[in-house]
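Right, one structure below, let's go through it.
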Amino acid sequence: MSSYARGLRDGLPFLLMVLPFGMLFGVVATEAGLSLTETVSFSVVVIAGAAQFTALSLMNEHAPTAVVLASALAVNLRMAMYSASLTPHLGATPLWQRALISYFLVDQTYAGSMLEFEKRPNLSISEKAAYFFGLATPVCPPWYFATLLGAWLGAAIPTELGLDFAVPVAFLAMIAPMLRTPAHKVAAVTAACFALGFAWLPYNLGLIVGGVSGMMAGARAEIYFEARRKT
Amino acid sequence: MIDTTTLWTVILGLGFGSFALRFVFLGFIGNRALPAWLLRHLRYTAVAVLPALIAPLILWPAANGGQPEPTRLVAAAVTFGVGYFTKNVIAAMVSGALVLIAGGYLLN
């Protein structure tokens with residue numbers, strides 16, 4: 001099986017979170033008065049669910065444009081961390097591929113490719129890139145399509161109990177197998193605790209505090225456990 | 001109603017800004033070597049940022065008015081447990097989804 005096909009196969013379950021989430025955005029955006037073109041353009045140009053919802057709700061409250069942009073970009077700050085984290089794996093691909101990878105870099109494609117790259121460290125650069133694009137195929141175009149569908153169907157979509165929980169469940173399922181070493185566990189627990197402790201910060205900055213603390217804790221723990229192994 | 005100029009300013013500004021955030025390291029660093037201390041931190045990006053992202057969503061779901069909710073907590077615990085012990089992402093997702101669906105039926 002080619003790396004692209006494997007990525008495509010591994011990305012298929014994401015449809016379960018992308019479709020309802022995208023449709024919800026379509027519904028909410030049309031209810032806020034956006035046209036079909038505007039709604040779909042939003043998803044194609046920005047391609048980041050949480051940031052899109054943030055921007056939309058702030059615009060609905062008539063927040064100043066600068067505040068809307070700053071808040072939504074703060075929600076997306078984690079993308080810069082994803083970009084840095086993928087650089088050792090995909091930094092050697094041609095510039096046009098790096099530009100495409102950047103455009104398609106979302107939580108799902110990042111988490112899925114890190115899981116694969118850590119599981120199979122011997123993949124070549126082009127295999128890694130192909131896997132990434134395979135993952136992006138059932139994630140990104142369906143995001144546009146789901147937005148369009150939501151905008152068309154409008155409020156006819158039932159927003160039942162539990163749908164909101166597709167995102168946490170999917171990410172938990174991906175994080176759990178990544179906790180291979182004590183340092184990984186330290187990083188995850190620290191990050192979760194700090195994110196909860198700093199959840200009161202505005203602009204979703206608690207996420208950034210949590211993420212950075214977790215990375216620092218993981219790096220420290222790695223040094224500590226390495227030193228202990230040597231003695 | 002949202003003003004059209006504001007809307008397009010936000011769409012294009014957010015699109016450009018998000019792309020810049022995603023491209024900043026991949027695009028500009030490329031295959032230049034990164035210092036060891038930075039690589040050491042980057043190894044933990046996924047296991048740090050993703051838990052930080054979902055921890056508040058699990059404990060304080062907006063759909064339940066920001067209050068902890070038993071079905072969601074059990075679903076999260078089951079998803080994590082299955083994922084941790086089987087290393088199987090799909091099995092973990094399906095188990096969590098089943099708990100959510102079962103919980104939804106039992107409690108309604």
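Within each chain, counting starts at residue 1; across the structure tokens, chains are named A, B, ... in the order shown, with ligands numbered 1 upward in that order.
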
Each residue of chain B lying at most 6 Å from chain A should get a row with its shortest atom-to-atom pair and the distance in Å to one decimal, counting only C-alpha atoms; could you produce that, ordered by chain and increasing number, as JSON lines?
{"residue": "B:Met1", "atom": "CA", "partner": "A:Gly33", "partner_atom": "CA", "distance": 5.9}
{"residue": "B:Ile11", "atom": "CA", "partner": "A:Phe42", "partner_atom": "CA", "distance": 5.7}
{"residue": "B:Gly15", "atom": "CA", "partner": "A:Val46", "partner_atom": "CA", "distance": 4.2}
{"residue": "B:Phe19", "atom": "CA", "partner": "A:Tyr103", "partner_atom": "CA", "distance": 6.0}
{"residue": "B:Leu21", "atom": "CA", "partner": "A:Ala80", "partner_atom": "CA", "distance": 4.7}
{"residue": "B:Arg22", "atom": "CA", "partner": "A:Ser102", "partner_atom": "CA", "distance": 5.0}
{"residue": "B:Phe23", "atom": "CA", "partner": "A:Ser102", "partner_atom": "CA", "distance": 5.1}
{"residue": "B:Phe25", "atom": "CA", "partner": "A:Ala84", "partner_atom": "CA", "distance": 5.0}
{"residue": "B:Leu26", "atom": "CA", "partner": "A:Thr87", "partner_atom": "CA", "distance": 5.0}
{"residue": "B:Gly27", "atom": "CA", "partner": "A:Arg98", "partner_atom": "CA", "distance": 6.0}
{"residue": "B:Gly30", "atom": "CA", "partner": "A:Gly91", "partner_atom": "CA", "distance": 4.0}
{"residue": "B:Asn31", "atom": "CA", "partner": "A:Ala92", "partner_atom": "CA", "distance": 4.5}
{"residue": "B:Arg40", "atom": "CA", "partner": "A:Ala219", "partner_atom": "CA", "distance": 5.5}
{"residue": "B:His41", "atom": "CA", "partner": "A:Ala219", "partner_atom": "CA", "distance": 5.2}
{"residue": "B:Leu42", "atom": "CA", "partner": "A:Ser85", "partner_atom": "CA", "distance": 5.0}
{"residue": "B:Tyr44", "atom": "CA", "partner": "A:Met215", "partner_atom": "CA", "distance": 5.0}
{"residue": "B:Thr45", "atom": "CA", "partner": "A:Met215", "partner_atom": "CA", "distance": 5.7}
{"residue": "B:Val47", "atom": "CA", "partner": "A:Ala188", "partner_atom": "CA", "distance": 5.2}
{"residue": "B:Ala48", "atom": "CA", "partner": "A:Gly214", "partner_atom": "CA", "distance": 4.7}
{"residue": "B:Val49", "atom": "CA", "partner": "A:Gly211", "partner_atom": "CA", "distance": 4.2}
{"residue": "B:Pro51", "atom": "CA", "partner": "A:Ala192", "partner_atom": "CA", "distance": 5.2}
{"residue": "B:Ala52", "atom": "CA", "partner": "A:Ala192", "partner_atom": "CA", "distance": 4.5}
{"residue": "B:Leu53", "atom": "CA", "partner": "A:Leu207", "partner_atom": "CA", "distance": 5.8}
{"residue": "B:Ile54", "atom": "CA", "partner": "A:Pro168", "partner_atom": "CA", "distance": 5.4}
{"residue": "B:Ala55", "atom": "CA", "partner": "A:Ala192", "partner_atom": "CA", "distance": 5.5}
{"residue": "B:Pro56", "atom": "CA", "partner": "A:Leu196", "partner_atom": "CA", "distance": 5.9}
{"residue": "B:Thr79", "atom": "CA", "partner": "A:Ala173", "partner_atom": "CA", "distance": 5.8}
{"residue": "B:Phe80", "atom": "CA", "partner": "A:Ala176", "partner_atom": "CA", "distance": 5.6}
{"residue": "B:Gly83", "atom": "CA", "partner": "A:Ala176", "partner_atom": "CA", "distance": 5.1}
{"residue": "B:Tyr84", "atom": "CA", "partner": "A:Ala176", "partner_atom": "CA", "distance": 4.6}
{"residue": "B:Lys87", "atom": "CA", "partner": "A:Pro177", "partner_atom": "CA", "distance": 4.6}
{"residue": "B:Val89", "atom": "CA", "partner": "A:Ala173", "partner_atom": "CA", "distance": 5.2}
{"residue": "B:Ala92", "atom": "CA", "partner": "A:Ala173", "partner_atom": "CA", "distance": 5.2}
{"residue": "B:Met93", "atom": "CA", "partner": "A:Ala173", "partner_atom": "CA", "distance": 5.6}

Exercise for the section: Any chance you could list, as a count of residues only, the residues in region 25-102 of chain B that come up alpha helix (DSSP H) when DSSP is run on the backbone? Expected result: 58

Handout entry: Using only C-alpha atoms: which of A:Leu205, A:Leu153, A:Ala221, A:Cys140 has the shortest distance to Leu19 (chain A)
Key = A:Cys140

Exercise for the section: Using only C-alpha atoms, find the one residue out of B:Arg72, B:Ala77, B:Ile2, B:Arg43 that sits nearest to Leu57 (chain B). Expected result: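 Between B:Arg72, B:Ala77, B:Ile2, B:Arg43, the residue approaching Leu57 (chain B) most closely is B:Arg72.
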
Problem - Distance of CA of Leu12 (chain A) from CA of Asn122 (chain A), expressed in Å to one decimal place - result: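 Value for the CA of Asn122 (chain A)-CA of Leu12 (chain A) distance: 23.7 Å.
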
Practice task
Rank A:Leu201, A:Ala151, A:Leu135, A:Ala227 by their smallest atom-to-atom distance to Val40 (chain A), using only C-alpha atoms, and report the top residue only.
Solution key: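 Comparing A:Leu201, A:Ala151, A:Leu135, A:Ala227 against Val40 (chain A), the winner is A:Ala151.
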
Practice task
Could you give me, as a count of residues only, the residues within 7 Å of Phe132 (chain A), counting only C-alpha atoms and dropping anything in the same chain fewer than 6 positions from it?
Solution key: 3
